[in-house]
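Here is the file input-v4.csv (CSV, C-alpha atoms).
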chain,number,residue,atom,x,y,z
A,1,MET,CA,-10.1,23.2,30.2
A,2,SER,CA,-11.5,19.8,29.3
A,3,THR,CA,-10.3,17.7,26.4
A,4,THR,CA,-13.5,18.6,24.5
A,5,ASP,CA,-12.4,22.3,24.5
A,6,VAL,CA,-9.2,21.5,22.7
A,7,GLY,CA,-9.2,23.1,19.2
A,8,PRO,CA,-7.9,21.7,16.0
A,9,GLU,CA,-4.7,23.6,16.4
A,10,ALA,CA,-3.7,21.0,19.1
A,11,GLU,CA,-4.4,18.1,16.7
A,12,PRO,CA,-1.3,16.3,15.5
A,13,LEU,CA,-0.4,16.6,11.9
A,14,VAL,CA,0.8,13.7,9.7
A,15,ARG,CA,4.3,15.4,9.5
A,16,GLU,CA,4.5,15.0,13.3
A,17,ILE,CA,4.0,11.2,13.3
A,18,MET,CA,5.2,10.0,9.9
A,19,THR,CA,8.3,7.9,9.5
A,20,THR,CA,11.2,9.5,7.7
A,21,PRO,CA,13.2,8.8,5.8
A,22,VAL,CA,10.9,6.3,4.2
A,23,VAL,CA,12.2,3.1,2.6
A,24,THR,CA,11.2,3.2,-1.0
A,25,VAL,CA,11.8,0.8,-3.9
A,26,ARG,CA,12.1,1.1,-7.6
A,27,PRO,CA,9.7,-0.6,-10.0
A,28,ASP,CA,12.5,-2.7,-11.6
A,29,LEU,CA,13.7,-4.2,-8.3
A,30,SER,CA,13.5,-8.0,-8.4
A,31,VAL,CA,11.0,-9.8,-6.1
A,32,LYS,CA,13.9,-11.7,-4.6
A,33,ASP,CA,15.6,-8.4,-3.6
A,34,LEU,CA,12.3,-7.0,-2.4
A,35,VAL,CA,11.9,-9.9,0.0
A,36,ALA,CA,15.5,-9.5,1.3
A,37,LEU,CA,14.9,-5.7,1.8
A,38,PHE,CA,11.7,-6.3,3.8
A,39,ARG,CA,13.5,-8.8,6.0
A,40,GLU,CA,16.6,-6.7,6.4
A,41,ARG,CA,14.7,-3.5,7.3
A,42,ARG,CA,11.9,-5.3,9.1
A,43,ILE,CA,9.1,-3.7,7.2
A,44,GLY,CA,6.0,-5.0,5.6
A,45,GLY,CA,5.6,-2.6,2.7
A,46,ALA,CA,7.2,0.2,0.8
A,47,PRO,CA,6.1,2.9,-1.7
A,48,VAL,CA,7.3,2.3,-5.2
A,49,VAL,CA,8.9,5.5,-6.7
A,50,ASP,CA,10.6,6.6,-9.9
A,51,GLY,CA,14.0,8.3,-10.0
A,52,GLU,CA,12.5,11.6,-8.9
A,53,GLY,CA,10.7,10.1,-5.9
A,54,VAL,CA,7.3,10.3,-7.5
A,55,LEU,CA,4.8,7.7,-6.2
A,56,LEU,CA,4.2,5.0,-8.7
A,57,GLY,CA,2.5,2.5,-6.4
A,58,ILE,CA,3.0,0.5,-3.2
A,59,VAL,CA,4.1,-3.0,-2.6
A,60,THR,CA,3.4,-5.0,0.5
A,61,GLU,CA,3.8,-8.4,2.1
A,62,GLY,CA,0.3,-9.1,1.0
A,63,ASP,CA,1.4,-8.7,-2.6
A,64,LEU,CA,4.2,-11.2,-1.9
A,65,MET,CA,1.7,-13.6,-0.4
A,66,ALA,CA,-0.3,-13.4,-3.6
A,67,LEU,CA,2.7,-15.0,-5.3
A,68,ASN,CA,2.2,-18.2,-3.4
A,69,ALA,CA,-1.6,-18.1,-3.4
A,70,ASP,CA,-3.5,-20.5,-5.6
A,71,VAL,CA,-4.8,-18.7,-8.7
A,72,GLN,CA,-8.5,-19.3,-8.8
A,73,MET,CA,-9.8,-20.2,-12.3
A,74,PRO,CA,-13.1,-18.5,-12.9
A,75,HIS,CA,-16.1,-20.8,-12.9
A,76,TYR,CA,-17.8,-21.3,-16.3
A,77,PHE,CA,-20.3,-23.4,-18.1
A,78,GLU,CA,-20.6,-24.4,-21.7
A,79,LEU,CA,-23.7,-23.6,-23.7
A,80,PHE,CA,-24.1,-24.2,-27.4
A,81,ASP,CA,-20.4,-24.7,-27.9
A,82,SER,CA,-19.6,-21.4,-26.1
A,83,ILE,CA,-17.9,-20.9,-22.7
A,84,ILE,CA,-19.7,-18.5,-20.4
A,85,TYR,CA,-17.6,-17.3,-17.4
A,86,LEU,CA,-19.3,-16.7,-14.1
A,87,GLY,CA,-16.3,-15.1,-12.5
A,88,SER,CA,-14.3,-12.0,-13.4
A,89,GLN,CA,-11.8,-12.7,-16.2
A,90,LYS,CA,-10.1,-9.4,-15.3
A,91,LYS,CA,-9.5,-10.6,-11.7
A,92,PHE,CA,-8.2,-13.9,-12.9
A,93,LYS,CA,-5.8,-12.1,-15.2
A,94,GLU,CA,-4.6,-9.9,-12.4
A,95,GLN,CA,-4.1,-12.9,-10.1
A,96,LEU,CA,-2.2,-14.7,-12.8
A,97,GLU,CA,0.1,-11.8,-13.5
A,98,LYS,CA,0.9,-11.4,-9.8
A,99,ALA,CA,1.7,-15.1,-9.4
A,100,ALA,CA,4.2,-14.8,-12.3
A,101,ALA,CA,5.8,-11.5,-11.1
A,102,ALA,CA,9.5,-11.2,-11.3
A,103,ILE,CA,9.9,-7.5,-10.6
A,104,VAL,CA,8.1,-5.1,-8.2
A,105,GLU,CA,6.3,-3.3,-11.1
A,106,GLN,CA,4.4,-6.5,-11.9
A,107,LEU,CA,3.4,-7.0,-8.2
A,108,MET,CA,2.7,-3.5,-6.9
A,109,THR,CA,-0.6,-1.8,-6.5
A,110,PRO,CA,-0.5,1.2,-8.9
A,111,ALA,CA,-0.6,4.8,-7.7
A,112,GLU,CA,-4.1,5.4,-9.0
A,113,LYS,CA,-5.4,2.8,-6.5
A,114,VAL,CA,-3.2,4.0,-3.6
A,115,LYS,CA,-4.6,6.2,-0.9
A,116,SER,CA,-2.1,8.8,0.4
A,117,VAL,CA,-2.0,11.7,2.7
A,118,SER,CA,-0.2,15.1,2.8
A,119,PRO,CA,2.2,16.1,5.6
A,120,ASP,CA,-0.2,18.9,6.5
A,121,ASP,CA,-3.2,16.6,6.9
A,122,PRO,CA,-4.5,15.8,10.4
A,123,ALA,CA,-3.0,12.5,11.6
A,124,ARG,CA,-6.6,11.2,12.1
A,125,THR,CA,-7.0,11.4,8.3
A,126,ALA,CA,-4.3,8.7,8.0
A,127,ALA,CA,-5.8,6.7,10.8
A,128,ARG,CA,-9.3,6.8,9.2
A,129,LEU,CA,-7.9,5.7,5.8
A,130,MET,CA,-6.2,2.8,7.4
A,131,ALA,CA,-9.3,1.8,9.4
A,132,LYS,CA,-11.7,2.2,6.5
A,133,HIS,CA,-9.6,0.3,3.9
A,134,GLY,CA,-7.8,-2.1,6.1
A,135,PHE,CA,-4.4,-0.7,5.3
A,136,ASP,CA,-1.3,-1.1,7.4
A,137,ARG,CA,0.5,1.9,5.9
A,138,VAL,CA,-0.3,5.1,4.0
A,139,PRO,CA,2.4,6.9,1.9
A,140,VAL,CA,2.8,10.6,2.7
A,141,VAL,CA,3.2,12.7,-0.5
A,142,GLU,CA,4.0,16.3,-1.1
A,143,GLY,CA,2.9,17.2,-4.6
A,144,GLU,CA,3.7,13.8,-6.2
A,145,THR,CA,6.8,13.1,-4.2
A,146,VAL,CA,6.9,10.6,-1.4
A,147,VAL,CA,8.3,12.3,1.8
A,148,GLY,CA,7.3,9.8,4.4
A,149,ILE,CA,5.0,7.0,5.5
A,150,VAL,CA,2.5,6.5,8.3
A,151,THR,CA,2.1,3.0,9.6
A,152,ARG,CA,-0.2,1.5,12.2
A,153,HIS,CA,2.7,1.6,14.6
A,154,ASP,CA,3.0,5.4,14.1
A,155,ILE,CA,-0.7,5.7,14.9
A,156,MET,CA,-0.4,3.6,18.0
A,157,LYS,CA,2.5,5.7,19.2
A,158,MET,CA,0.5,8.8,18.7
A,159,LEU,CA,-2.3,7.3,20.8
A,160,GLY,CA,0.2,6.5,23.5
A,161,LEU,CA,-0.3,2.7,23.1
Whole structure given in structure tokens:
Amino acid sequence: MSTTDVGPEAEPLVREIMTTPVVTVRPDLSVKDLVALFRERRIGGAPVVDGEGVLLGIVTEGDLMALNADVQMPHYFELFDSIIYLGSQKKFKEQLEKAAAAIVEQLMTPAEKVKSVSPDDPARTAARLMAKHGFDRVPVVEGETVVGIVTRHDIMKMLGL
């Protein structure tokens, strides 16, 4: 039997490659404590959950880097005593809020913008999400509850690399 004859039943599922237990954080965790947790656990991101384990968002090292990034003022010009912005004021506001963040909730990407997978999804679904969106990790949720995480490292292990 060649590898092209292998059916979907042989395909690994997310539950077989995901990391559990997953390190999660609460939205009220201080940014200082978040940095310490990332260093201590040697991780680059974590799902943000409520007291029931429901996914509220995700926070990553990239979000922490935004704290130190220069906030870019939108370009504008004046016309007849009016200011006309050429850039997105919404994006500027989001950058400014992240730069001033004191707790995870102010820094995280909210759940409605987070891509996640189910434990019963094929592992390639997680790999495709990461490749398509440039993610390093994808939360694994069952219902609304976080039960694991798939990282690029998990995908590399699955591929035998």
(request) Measure the distance from atom CA of A:Val141 to atom CA of A:Thr20 in Å and round it to one decimal. (result)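 Distance between the two atoms: 11.9 Å.
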(message) Need the shell around A:Glu52: protein/DNA/RNA residues with any atom at most 12 Å away, counting all atoms listed in the file. Skip same-chain ones fewer than 3 positions apart. Format as a list in words?
(response) Thr24, Val25, Arg26, Val48, Val49, Leu55, Leu56, Gly143, Glu144, Thr145, Val146 and Val147 of chain A
(request) Work out how far atom CA of A:Val14 is from atom CA of A:Phe135, in Å to one decimal. (result) 15.9 Å
(request) Check the smallest atom-to-atom distance from each of A:Pro12, A:Pro27, A:Gly44, A:Gly57 to A:Asp121 using only C-alpha atoms, then report the winner. (result)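 For A:Asp121, the nearest of the candidates is A:Pro12.
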(request) Give as an NGL selection string each residue that has an atom at most 8 Å from (-4.3, -2.5, -0.1) in the file, counting all atoms listed in the file. (result) :A and (109 or 114 or 133-135)
(message) Here is a test: counting all atoms listed in the file, which residue of A:Arg124, A:Lys157, A:Arg152, A:Arg42 is nearest to A:Arg137?
(response)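 Distance minimum relative to A:Arg137 lands on A:Arg152.
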(request) Go ahead and compute the interatomic distance for atom CA of A:Asp63 and atom CA of A:Met108, in Å to one decimal. (result) 6.9 Å
(request) Rank A:Val104, A:Ala10, A:Val150, A:Met156 by their smallest atom-to-atom distance to A:Ser118, using all atoms listed in the file, and report the top residue only. (result)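 Of A:Val104, A:Ala10, A:Val150, A:Met156, the one nearest A:Ser118 is A:Val150, counting all atoms listed in the file.
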(message) Using only C-alpha atoms for the distances, tell me which of A:Ile17, A:Leu64, A:Ile58, A:Val22 is nearest to A:Ala102.
(response)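 Of A:Ile17, A:Leu64, A:Ile58, A:Val22, the one nearest A:Ala102, counting only C-alpha atoms, is A:Leu64.
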